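Asks: Structure file entry.tsv, TSV, C-alpha atoms, is pasted below:
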chain	number	residue	atom	x	y	z
A	1	MET	CA	124.76	120.68	115.45
A	2	ARG	CA	122.95	121.65	112.24
A	3	ARG	CA	121.19	118.93	110.30
A	4	THR	CA	123.42	119.43	107.24
A	5	GLU	CA	126.55	119.02	109.36
A	6	ALA	CA	125.15	115.89	111.05
A	7	HIS	CA	124.21	114.44	107.66
A	8	GLN	CA	127.72	115.19	106.40
A	9	GLY	CA	129.18	113.28	109.34
A	10	VAL	CA	127.06	110.21	108.61
A	11	ARG	CA	127.95	110.48	104.90
A	12	MET	CA	131.64	110.48	105.82
A	13	ILE	CA	131.20	107.34	107.96
A	14	LYS	CA	129.45	105.61	105.06
A	15	PHE	CA	132.15	106.65	102.60
A	16	LEU	CA	134.98	105.42	104.81
A	17	ASP	CA	133.22	102.09	105.34
A	18	ILE	CA	132.54	101.54	101.65
A	19	LEU	CA	136.03	102.80	100.69
A	20	GLY	CA	137.60	100.18	102.93
A	21	ARG	CA	135.47	97.44	101.41
A	22	TYR	CA	136.21	98.74	97.90
A	23	GLU	CA	139.95	98.64	98.61
A	24	ALA	CA	139.47	95.08	99.87
A	25	SER	CA	137.96	94.27	96.43
A	26	GLU	CA	134.47	93.55	97.81
A	27	PHE	CA	132.95	96.11	95.41
A	28	SER	CA	133.79	97.45	92.00
A	29	GLN	CA	134.15	101.21	91.62
A	30	LEU	CA	130.72	101.43	89.98
A	31	GLU	CA	129.05	99.38	92.75
A	32	ALA	CA	130.69	101.49	95.47
A	33	ALA	CA	129.44	104.67	93.79
A	34	GLU	CA	125.89	103.29	93.52
A	35	LEU	CA	125.84	102.36	97.21
A	36	LEU	CA	126.81	105.94	98.07
A	37	GLY	CA	124.20	107.33	95.70
A	38	VAL	CA	126.73	109.20	93.55
A	39	GLY	CA	128.27	108.82	90.11
A	40	GLU	CA	131.40	106.82	89.45
A	41	ARG	CA	133.33	110.02	88.63
A	42	THR	CA	132.28	111.60	91.94
A	43	PHE	CA	133.45	108.51	93.83
A	44	ARG	CA	136.86	108.74	92.15
A	45	ARG	CA	137.11	112.42	93.08
A	46	TRP	CA	136.22	111.66	96.71
A	47	CYS	CA	138.89	108.96	96.81
A	48	GLN	CA	141.48	111.39	95.42
A	49	ARG	CA	140.50	114.14	97.87
A	50	TYR	CA	140.64	111.68	100.79
A	51	GLU	CA	144.09	110.48	99.70
A	52	GLU	CA	145.39	114.06	99.44
A	53	ASP	CA	143.74	115.77	102.41
A	54	GLY	CA	142.34	113.01	104.62
A	55	GLU	CA	138.87	113.45	106.15
A	56	SER	CA	139.02	117.23	105.74
A	57	GLY	CA	139.06	116.69	101.98
A	58	LEU	CA	135.58	115.14	102.19
A	59	LEU	CA	133.97	118.18	103.83
A	60	ASP	CA	131.36	119.91	101.71
A	61	ARG	CA	132.94	123.24	100.85
A	62	ARG	CA	129.56	124.73	99.98
A	63	LEU	CA	128.36	124.78	103.61
A	64	GLY	CA	127.86	128.33	104.85
A	65	LYS	CA	128.05	129.79	101.36
A	66	VAL	CA	125.13	131.17	99.36
A	67	SER	CA	124.70	129.37	96.06
A	68	GLY	CA	125.80	131.42	93.09
A	69	LYS	CA	122.86	130.00	91.15
A	70	ARG	CA	120.24	131.17	93.62
A	71	VAL	CA	117.69	133.59	92.20
A	72	PRO	CA	117.86	136.94	94.08
A	73	ALA	CA	114.81	137.90	96.11
A	74	THR	CA	114.31	141.01	93.96
A	75	ARG	CA	114.06	138.89	90.81
A	76	GLU	CA	111.66	136.50	92.55
A	77	ALA	CA	109.37	139.42	93.38
A	78	GLU	CA	109.68	140.69	89.80
A	79	VAL	CA	108.76	137.29	88.32
A	80	GLU	CA	105.72	136.98	90.60
A	81	ALA	CA	104.54	140.51	89.78
A	82	LEU	CA	104.98	139.96	86.03
A	83	TYR	CA	102.97	136.76	86.09
A	84	ARG	CA	100.15	138.25	88.16
A	85	SER	CA	99.86	141.50	86.20
A	86	ARG	CA	100.87	140.65	82.64
A	87	TYR	CA	101.20	136.92	82.00
A	88	SER	CA	98.38	135.47	84.10
A	89	GLY	CA	97.20	132.15	82.67
A	90	PHE	CA	100.38	131.50	80.69
A	91	THR	CA	101.90	128.05	80.92
A	92	ALA	CA	105.23	127.87	82.72
A	93	LYS	CA	107.05	127.16	79.46
A	94	HIS	CA	105.43	130.05	77.61
A	95	PHE	CA	106.03	132.43	80.51
A	96	HIS	CA	109.67	131.38	80.82
A	97	GLU	CA	110.26	132.09	77.11
A	98	HIS	CA	109.00	135.64	77.63
A	99	LEU	CA	111.15	136.09	80.74
A	100	VAL	CA	114.28	135.09	78.85
A	101	ARG	CA	113.47	137.05	75.71
A	102	ASP	CA	111.89	140.22	77.11
A	103	HIS	CA	113.12	140.54	80.71
A	104	ARG	CA	116.74	139.32	80.58
A	105	PHE	CA	115.99	136.37	82.85
A	106	SER	CA	118.86	133.86	82.88
A	107	TRP	CA	117.55	131.14	85.21
A	108	GLY	CA	116.01	127.87	84.10
A	109	TYR	CA	112.51	126.75	83.19
A	110	THR	CA	112.33	124.22	86.02
A	111	TRP	CA	112.88	126.94	88.61
A	112	THR	CA	110.19	129.07	86.97
A	113	LYS	CA	107.64	126.27	87.04
A	114	THR	CA	108.42	125.30	90.64
A	115	PHE	CA	108.30	128.92	91.78
A	116	LEU	CA	104.90	129.54	90.19
A	117	GLN	CA	103.54	126.36	91.76
A	118	SER	CA	104.89	127.36	95.18
A	119	LYS	CA	103.03	130.67	94.94
A	120	GLY	CA	99.78	128.97	93.95
A	121	LEU	CA	99.84	130.60	90.51
A	122	LEU	CA	100.15	127.36	88.60
A	123	GLU	CA	98.57	123.97	89.26
A	124	LYS	CA	100.67	120.84	89.21
A	125	ALA	CA	99.87	118.48	86.37
A	126	LYS	CA	98.08	115.31	87.35
A	127	ARG	CA	100.28	112.27	87.35
A	128	ARG	CA	99.49	109.66	84.75
A	129	GLY	CA	98.31	106.30	86.00
A	130	ALA	CA	101.11	103.77	86.19
A	131	HIS	CA	100.98	100.24	84.86
A	132	ARG	CA	101.48	98.16	87.99
A	133	ARG	CA	104.13	95.48	87.93
A	134	LYS	CA	105.59	93.33	90.67
A	135	ARG	CA	108.51	95.26	92.11
A	136	PRO	CA	111.77	93.30	91.99
A	137	ARG	CA	113.63	92.77	95.22
A	138	ARG	CA	116.67	94.83	96.06
A	139	PRO	CA	119.79	92.82	95.14
A	140	LEU	CA	121.60	93.20	98.48
A	141	PRO	CA	120.51	93.08	102.14
A	142	GLY	CA	120.47	96.49	103.75
A	143	MET	CA	119.42	98.38	100.63
A	144	MET	CA	115.80	98.60	101.83
A	145	LEU	CA	114.07	97.62	105.06
A	146	HIS	CA	110.31	97.33	105.53
A	147	GLN	CA	108.65	98.23	108.82
A	148	ASP	CA	104.97	97.77	109.54
A	149	GLY	CA	102.54	96.83	112.29
A	150	SER	CA	99.67	94.36	112.30
A	151	ARG	CA	96.83	94.45	114.84
A	152	HIS	CA	95.53	90.99	115.67
A	153	GLU	CA	94.54	88.76	118.57
A	154	TRP	CA	97.99	87.21	118.78
A	155	LEU	CA	97.59	85.75	122.29
A	156	GLU	CA	94.77	83.42	123.23
A	157	GLY	CA	92.39	85.06	125.65
A	158	ARG	CA	93.88	88.54	125.16
A	159	LEU	CA	92.59	91.57	123.28
A	160	ALA	CA	94.21	92.59	120.00
A	161	LEU	CA	97.84	93.73	120.11
A	162	ASP	CA	100.17	95.27	117.52
A	163	LEU	CA	103.02	93.17	116.15
A	164	ILE	CA	105.85	95.43	114.92
A	165	VAL	CA	107.98	93.78	112.23
A	166	THR	CA	111.14	95.07	110.55
A	167	MET	CA	112.31	92.96	107.60
A	168	ASP	CA	114.72	93.09	104.68
A	169	ASP	CA	113.46	93.59	101.15
A	170	ALA	CA	116.21	91.53	99.53
A	171	THR	CA	115.63	88.38	101.58
A	172	SER	CA	112.35	88.81	103.53
A	173	ALA	CA	114.37	87.97	106.64
A	174	ILE	CA	112.79	89.40	109.80
A	175	TYR	CA	115.32	91.38	111.82
A	176	SER	CA	113.01	92.47	114.62
A	177	ALA	CA	109.50	91.55	115.78
A	178	PHE	CA	107.72	92.21	119.06
A	179	LEU	CA	104.26	92.81	120.49
A	180	VAL	CA	103.11	96.13	121.95
A	181	GLU	CA	99.80	97.51	123.15
A	182	GLU	CA	99.76	100.12	120.37
A	183	GLU	CA	102.01	100.99	117.45
A	184	GLY	CA	103.61	104.42	117.53
A	185	THR	CA	106.81	106.44	117.74
A	186	ALA	CA	108.17	104.51	120.75
A	187	SER	CA	107.71	101.11	119.09
A	188	THR	CA	109.34	102.41	115.90
A	189	PHE	CA	112.40	103.69	117.75
A	190	ARG	CA	112.64	100.44	119.71
A	191	ALA	CA	112.66	98.39	116.49
A	192	LEU	CA	115.11	100.66	114.69
A	193	GLU	CA	117.53	100.64	117.62
A	194	GLU	CA	117.43	96.82	117.69
A	195	VAL	CA	118.11	96.52	113.95
A	196	PHE	CA	120.59	99.36	113.49
A	197	GLY	CA	122.51	98.36	116.60
A	198	LEU	CA	122.89	94.76	115.42
A	199	HIS	CA	123.29	95.15	111.65
A	200	GLY	CA	124.24	98.79	110.99
A	201	LEU	CA	122.53	101.52	108.97
A	202	PRO	CA	120.52	100.54	105.86
A	203	LEU	CA	120.21	102.71	102.79
A	204	SER	CA	116.45	103.17	103.12
A	205	LEU	CA	113.37	102.38	105.21
A	206	TYR	CA	109.97	101.71	103.58
A	207	THR	CA	106.84	102.34	105.68
A	208	ASP	CA	103.20	103.31	105.41
A	209	ARG	CA	102.11	106.92	105.96
A	210	GLY	CA	101.05	106.54	109.58
A	211	SER	CA	101.11	109.76	111.61
A	212	HIS	CA	104.19	108.67	113.56
A	213	TYR	CA	106.09	108.14	110.30
A	214	PHE	CA	104.98	111.11	108.19
A	215	SER	CA	103.03	114.33	108.36
A	216	THR	CA	100.20	114.12	105.81
A	217	PRO	CA	98.20	117.38	105.52
A	218	GLU	CA	95.33	115.70	103.65
A	219	ALA	CA	94.01	112.25	104.47
A	220	GLY	CA	95.24	109.86	101.80
A	221	GLY	CA	97.36	112.59	100.20
A	222	LYS	CA	101.06	113.12	99.77
A	223	VAL	CA	103.37	113.36	102.76
A	224	ASP	CA	104.88	116.72	103.73
A	225	ARG	CA	108.66	116.31	103.44
A	226	THR	CA	109.25	119.73	105.00
A	227	CYS	CA	107.48	118.85	108.27
A	228	LEU	CA	109.35	115.90	109.76
A	229	THR	CA	107.98	113.70	112.51
A	230	GLN	CA	110.26	112.51	115.30
A	231	VAL	CA	110.94	109.36	113.26
A	232	GLY	CA	111.65	111.41	110.13
A	233	ARG	CA	114.07	113.66	112.03
A	234	ALA	CA	116.02	110.69	113.42
A	235	LEU	CA	116.27	108.95	110.03
A	236	ALA	CA	117.41	112.18	108.35
A	237	HIS	CA	120.05	112.62	111.07
A	238	LEU	CA	121.37	109.12	110.33
A	239	GLY	CA	121.21	109.57	106.56
A	240	VAL	CA	118.65	106.79	106.02
A	241	GLU	CA	116.20	107.50	103.19
A	242	HIS	CA	112.56	107.26	104.33
A	243	ILE	CA	110.23	105.97	101.59
A	244	ALA	CA	106.44	106.31	101.90
A	245	ALA	CA	104.05	103.69	100.52
A	246	TYR	CA	101.01	105.06	98.70
A	247	SER	CA	98.89	101.92	98.43
A	248	PRO	CA	98.40	98.58	100.21
A	249	GLN	CA	99.67	96.87	97.05
A	250	ALA	CA	102.98	98.73	97.39
A	251	ARG	CA	103.47	97.01	100.76
A	252	GLY	CA	102.64	93.61	99.33
A	253	ARG	CA	105.85	91.98	100.54
A	254	SER	CA	105.25	92.88	104.19
A	255	GLU	CA	101.51	92.17	103.90
A	256	ARG	CA	102.26	88.62	102.77
A	257	VAL	CA	104.60	88.15	105.73
A	258	PHE	CA	101.87	89.29	108.13
A	259	HIS	CA	99.43	86.84	106.53
A	260	THR	CA	101.90	84.06	107.27
A	261	LEU	CA	102.49	85.32	110.82
A	262	GLN	CA	98.78	85.55	111.61
A	263	ASP	CA	98.39	81.97	110.52
A	264	ARG	CA	101.53	80.45	112.08
A	265	LEU	CA	102.61	82.62	115.01
A	266	THR	CA	99.26	82.53	116.79
A	267	LYS	CA	99.30	78.74	116.66
A	268	GLU	CA	102.92	78.55	117.87
A	269	LEU	CA	102.20	80.87	120.81
A	270	ALA	CA	99.12	78.87	121.78
A	271	LEU	CA	101.06	75.62	121.46
A	272	ALA	CA	103.75	76.98	123.80
A	273	GLU	CA	101.00	78.09	126.23
A	274	ILE	CA	102.24	81.67	126.19
A	275	THR	CA	99.72	84.21	127.46
A	276	THR	CA	101.78	87.32	128.36
A	277	VAL	CA	103.37	89.94	126.12
A	278	GLU	CA	106.74	89.63	127.86
A	279	ALA	CA	106.92	85.87	127.35
A	280	ALA	CA	105.68	86.20	123.77
A	281	ASN	CA	108.45	88.67	122.91
A	282	VAL	CA	111.13	86.37	124.34
A	283	PHE	CA	109.65	83.50	122.33
A	284	LEU	CA	109.63	85.63	119.18
A	285	ARG	CA	113.27	86.67	119.59
A	286	ASP	CA	114.76	83.32	120.65
A	287	VAL	CA	112.57	80.73	118.96
A	288	TYR	CA	110.13	81.88	116.32
A	289	ILE	CA	112.12	84.45	114.27
A	290	PRO	CA	115.15	82.17	113.74
A	291	ALA	CA	112.83	79.34	112.65
A	292	HIS	CA	110.77	81.65	110.42
A	293	ASN	CA	113.86	83.02	108.68
A	294	ALA	CA	115.26	79.53	108.12
A	295	ARG	CA	111.95	78.54	106.51
A	296	PHE	CA	110.92	81.62	104.53
A	297	ALA	CA	113.93	83.89	103.95
A	298	VAL	CA	115.32	83.76	100.41
A	299	LYS	CA	118.86	84.09	99.15
A	300	PRO	CA	119.75	87.60	97.95
A	301	GLU	CA	120.51	88.20	94.30
A	302	GLN	CA	124.10	89.22	95.11
A	303	ASP	CA	126.59	88.28	97.80
A	304	GLY	CA	127.42	90.73	100.59
A	305	ASN	CA	125.34	93.51	102.16
A	306	THR	CA	125.12	97.30	102.25
A	307	PHE	CA	124.71	97.88	105.99
A	308	VAL	CA	127.12	100.52	107.29
A	309	ALA	CA	128.57	100.12	110.78
A	310	ILE	CA	128.39	103.24	112.96
A	311	ALA	CA	130.75	102.55	115.83
A	312	GLY	CA	131.00	105.34	118.38
A	313	ILE	CA	127.45	106.66	117.86
A	314	ASP	CA	124.90	106.20	120.67
A	315	LEU	CA	121.78	105.30	118.71
A	316	GLY	CA	119.61	105.65	121.79
A	317	GLU	CA	120.33	109.39	121.91
A	318	ILE	CA	119.19	109.80	118.28
A	319	LEU	CA	116.31	107.32	118.10
A	320	CYS	CA	114.19	109.09	120.72
A	321	VAL	CA	111.62	111.87	120.99
A	322	GLN	CA	113.32	115.27	121.25
A	323	GLU	CA	111.33	118.37	122.16
A	324	GLU	CA	112.44	121.84	123.24
A	325	ARG	CA	111.17	123.34	126.49
A	326	LYS	CA	111.80	126.47	128.58
A	327	VAL	CA	112.90	125.93	132.19
A	328	GLY	CA	110.47	127.36	134.75
A	329	ASN	CA	111.25	129.61	137.72
A	330	ASP	CA	111.49	126.54	139.96
A	331	ASN	CA	114.19	124.95	137.77
A	332	CYS	CA	111.62	122.41	136.57
A	333	VAL	CA	110.68	121.41	133.04
A	334	SER	CA	107.10	120.42	132.20
A	335	PHE	CA	106.78	117.50	129.79
A	336	ASN	CA	103.74	115.28	129.17
A	337	ARG	CA	102.20	116.12	132.57
A	338	LEU	CA	105.48	115.42	134.34
A	339	LYS	CA	107.60	117.89	136.32
A	340	LEU	CA	111.27	117.15	135.71
A	341	GLN	CA	113.40	118.81	138.39
A	342	ILE	CA	116.85	119.90	137.19
A	343	PRO	CA	119.37	119.09	139.94
A	344	ALA	CA	122.12	121.44	141.11
A	345	SER	CA	124.83	121.71	138.47
A	346	PRO	CA	128.45	122.93	138.48
A	347	LEU	CA	127.80	124.47	135.03
A	348	ARG	CA	125.76	127.43	136.34
A	349	ALA	CA	123.78	128.58	139.35
A	350	HIS	CA	120.41	127.83	137.74
A	351	PHE	CA	118.76	127.23	134.37
A	352	VAL	CA	115.67	129.42	134.82
A	353	LYS	CA	114.25	130.46	131.41
A	354	ALA	CA	116.97	128.52	129.57
A	355	ARG	CA	115.92	126.59	126.44
A	356	VAL	CA	116.61	122.89	126.93
A	357	LYS	CA	115.72	119.69	125.09
A	358	VAL	CA	113.81	116.87	126.70
A	359	ARG	CA	114.50	113.42	125.31
A	360	GLN	CA	111.99	110.62	125.84
A	361	TYR	CA	113.34	107.15	125.13
A	362	HIS	CA	111.34	104.19	123.84
A	363	ASP	CA	111.31	102.57	127.32
A	364	GLY	CA	109.53	105.65	128.76
A	365	THR	CA	112.51	107.17	130.57
A	366	HIS	CA	113.58	110.80	130.07
A	367	ALA	CA	116.63	113.05	130.02
A	368	ILE	CA	117.20	116.82	129.84
A	369	PHE	CA	119.98	118.24	127.66
A	370	HIS	CA	121.37	121.77	127.51
A	371	GLY	CA	123.30	121.78	124.27
A	372	PRO	CA	125.44	118.62	124.31
A	373	ARG	CA	125.37	118.32	128.14
A	374	CYS	CA	123.01	116.01	130.00
A	375	LEU	CA	121.58	117.77	133.06
A	376	GLY	CA	119.64	114.83	134.45
A	377	ARG	CA	117.93	111.51	133.75
A	378	TYR	CA	114.50	110.42	134.96
A	379	ASP	CA	112.32	107.32	135.17
A	380	ARG	CA	108.85	106.92	133.64
A	381	LYS	CA	107.28	108.87	136.50
A	382	GLY	CA	109.71	111.78	136.23
A	383	GLN	CA	111.81	110.88	139.28
A	384	ALA	CA	115.55	111.56	138.98
A	385	VAL	CA	117.48	108.30	138.71
A	386	ASP	CA	120.90	109.48	137.62
A	387	ILE	CA	122.72	112.78	137.13
A	388	SER	CA	125.59	112.98	134.67
A	389	ILE	CA	127.21	116.07	133.20
A	390	ALA	CA	128.65	115.26	129.78
A	391	ALA	CA	131.29	117.58	128.40
Written as structure tokens, how would this file's structure read?

Replies:
Amino acid sequence: MRRTEAHQGVRMIKFLDILGRYEASEFSQLEAAELLGVGERTFRRWCQRYEEDGESGLLDRRLGKVSGKRVPATREAEVEALYRSRYSGFTAKHFHEHLVRDHRFSWGYTWTKTFLQSKGLLEKAKRRGAHRRKRPRRPLPGMMLHQDGSRHEWLEGRLALDLIVTMDDATSAIYSAFLVEEEGTASTFRALEEVFGLHGLPLSLYTDRGSHYFSTPEAGGKVDRTCLTQVGRALAHLGVEHIAAYSPQARGRSERVFHTLQDRLTKELALAEITTVEAANVFLRDVYIPAHNARFAVKPEQDGNTFVAIAGIDLGEILCVQEERKVGNDNCVSFNRLKLQIPASPLRAHFVKARVKVRQYHDGTHAIFHGPRCLGRYDRKGQAVDISIAA
């Protein structure tokens, strides 16, 4: 399934959920439109199309069609050649005026500027320094989640561990917290599956620019939105906006929570005489987080929440590492120093040289998929534990 089609499916689920709550008078028309990220007029049009044609009326009719506003490749080449040979050094605005006046160019200035910048012919203007102000909380739970990790000696007599915390911006309520040896993609997927499975999909997730969250070509620079990490791919599939923090101050809300946790949680764990990661995580889930939220969580500005339920979707099959591999001559797939043997299948005699996808779940287990069909499942060591062929 293409990413645009998957995103459209998630958008439809969100619309149907919010439409039902709008019809139940939980939201006004304007609030429903804002939660969907569209204008009020667009929301009314979607409602009308859904009433007339059902779910098929919500399908994006532009899919598969070339935009009529797209600049033809021949004109792109012409614009680049003109700038290099005749208008070198012109500002984008000045150059665009000449294109329109002298070369019958009918496309906009913004496209011209962006195109020149993409070709390295024009430098991007430096952003002006912003006057920093305390960022107000989101008014409703589910509008923005924070996720971060803190390395600390959480357990007495143990080396430093990472505490992975996922919390709500509107209330500072912690939805998930657990200790792991090292923060990474697996811990992120574990936390997201816990939160999304219990509460539903949020509108956005706010994180730092760690390598498991974003690809950052230059240290300390901007993230590359065109090169998604495994986490970025999964969030895009689910339609959750991924927001990158560009300074420690921007993560002030989660940093203050970690300051509190480093002071209080370590003492509570020592008081309970907990010395293992497994026992600590049970204590966090059953004892500490409920008490912490009762003490520190604040009331949201507005009643209700914006989480969207996603019944019927197996989050575990989305929130996992997915990498393509070619099957070897022995019907095995090599993945992270493991040899995953594909068992005999009624689908075909063998899968030699076929392109398959290996999925690695946050608990370390694996599965091999050929299209939508699961060919086999494996434990951490690559041993087959279950074989299921999904139609």

Asks: Which residue out of A:Cys47, A:Leu140, A:Ala245, A:Val257 has the minimum interatomic distance to Gly221 (chain A) when only C-alpha atoms are used?

Replies: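 Distance minimum relative to Gly221 (chain A) lands on A:Ala245.
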
Asks: When you look at region 298-312 of chain A with a cut-off of 6 Å (counting only C-alpha atoms), what residues show up, excluding the ones that are within fewer than 2 positions of it in the same chain? I need them as a list of chain:residue names.

Replies: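 Answer for this query is A:Pro139, A:Leu140, A:Pro141, A:Gly142, A:Ala170, A:Thr171, A:Gly200, A:Leu201, A:Pro202.
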
Asks: My list of candidates is A:Asn329, A:Ser106, A:Ser85, A:Asn336. Which is closest to Pro72 (chain A) when distances are computed with all atoms listed in the file?

Replies: A:Ser106

Asks: Please provide as a count of residues only all residues within 7 Å of region 341-346 of chain A, with the sequence filter that same-chain residues fewer than 5 positions apart are discarded (counting only C-alpha atoms).

Replies: 5

Asks: When you look at Val195 (chain A) with a cut-off of 10 Å (counting only C-alpha atoms), what residues show up, excluding the ones that are within fewer than 6 positions of it in the same chain? I need them as an MDAnalysis selection string.

Replies: chainID A and resid 145 166:167 174:176 189 201:202

Asks: For a test of reading the model, state the distance in Å between CA of Gly108 (chain A) and CA of Lys126 (chain A), rounded to one decimal.

Replies: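 Rounded to one decimal, the two atoms are 22.1 Å apart.
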
Asks: With a distance cut-off of 10 Å and all atoms listed in the file, select the neighbouring residues of Lys113 (chain A), excluding the residue or stretch itself and same-chain residues fewer than 5 positions from it, and output the selection as a list in words.

Replies: Thr91, Ala92, Lys93, Phe95, His96, Gly108, Ser118, Leu121, Leu122, Glu123 and Lys124 of chain A

Asks: Neighbours of Ala191 (chain A) within 9 Å (all atoms listed in the file; same-chain residues fewer than 3 positions away dropped), as a list in words?

Replies: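 Counting only the stated atoms, we get Gln147, Ile164, Val165, Thr166, Tyr175, Ser176, Ala177, Phe178, Ala186, Ser187, Thr188, Glu194, Val195 and Phe196 of chain A.
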
Asks: Rank A:Thr260, A:Thr74, A:Thr185, A:Thr110 by their smallest atom-to-atom distance to Gly232 (chain A), using all atoms listed in the file, and report the top residue only.

Replies: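 Among A:Thr260, A:Thr74, A:Thr185, A:Thr110, it is A:Thr185 that comes nearest to Gly232 (chain A).
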
Asks: Quick one: of A:Ser172, A:Leu198, A:Glu255, A:His370, who's nearest to Arg295 (chain A), counting only C-alpha atoms?

Replies: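 Under the stated criterion, the closest residue is A:Ser172.
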
Asks: With distances taken over only C-alpha atoms, which residue among A:Leu99, A:Leu179, A:Leu340, A:Leu192 lies nearest Phe283 (chain A)?

Replies: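 Looking at the shortest contact to Phe283 (chain A), the residue is A:Leu179.
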
Asks: One decimal, Å: what's the distance from CA of Tyr206 (chain A) over to CA of His146 (chain A), could you say?

Replies: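 We find that CA of Tyr206 (chain A) and CA of His146 (chain A) lie 4.8 Å from each other.
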
Asks: What does the distance between CA of Glu80 (chain A) and CA of Ser215 (chain A) come to in Å, to one decimal place?

Replies: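 One can read the CA of Glu80 (chain A) to CA of Ser215 (chain A) distance as 28.9 Å.
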
Asks: Pick out the closest residue to Ser56 (chain A) from this set: A:Ala73, A:Val356, A:Met12, A:Ala32. Count all atoms listed in the file.

Replies: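 Result for the nearest residue to Ser56 (chain A): A:Met12.
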
Asks: Please, which residues are within 7 Å of (104.9, 106.5, 102.3) by the file's coordinates, counting all atoms listed in the file, and could they come as a ChimeraX atom specification?

Replies: /A:207-209,243-246
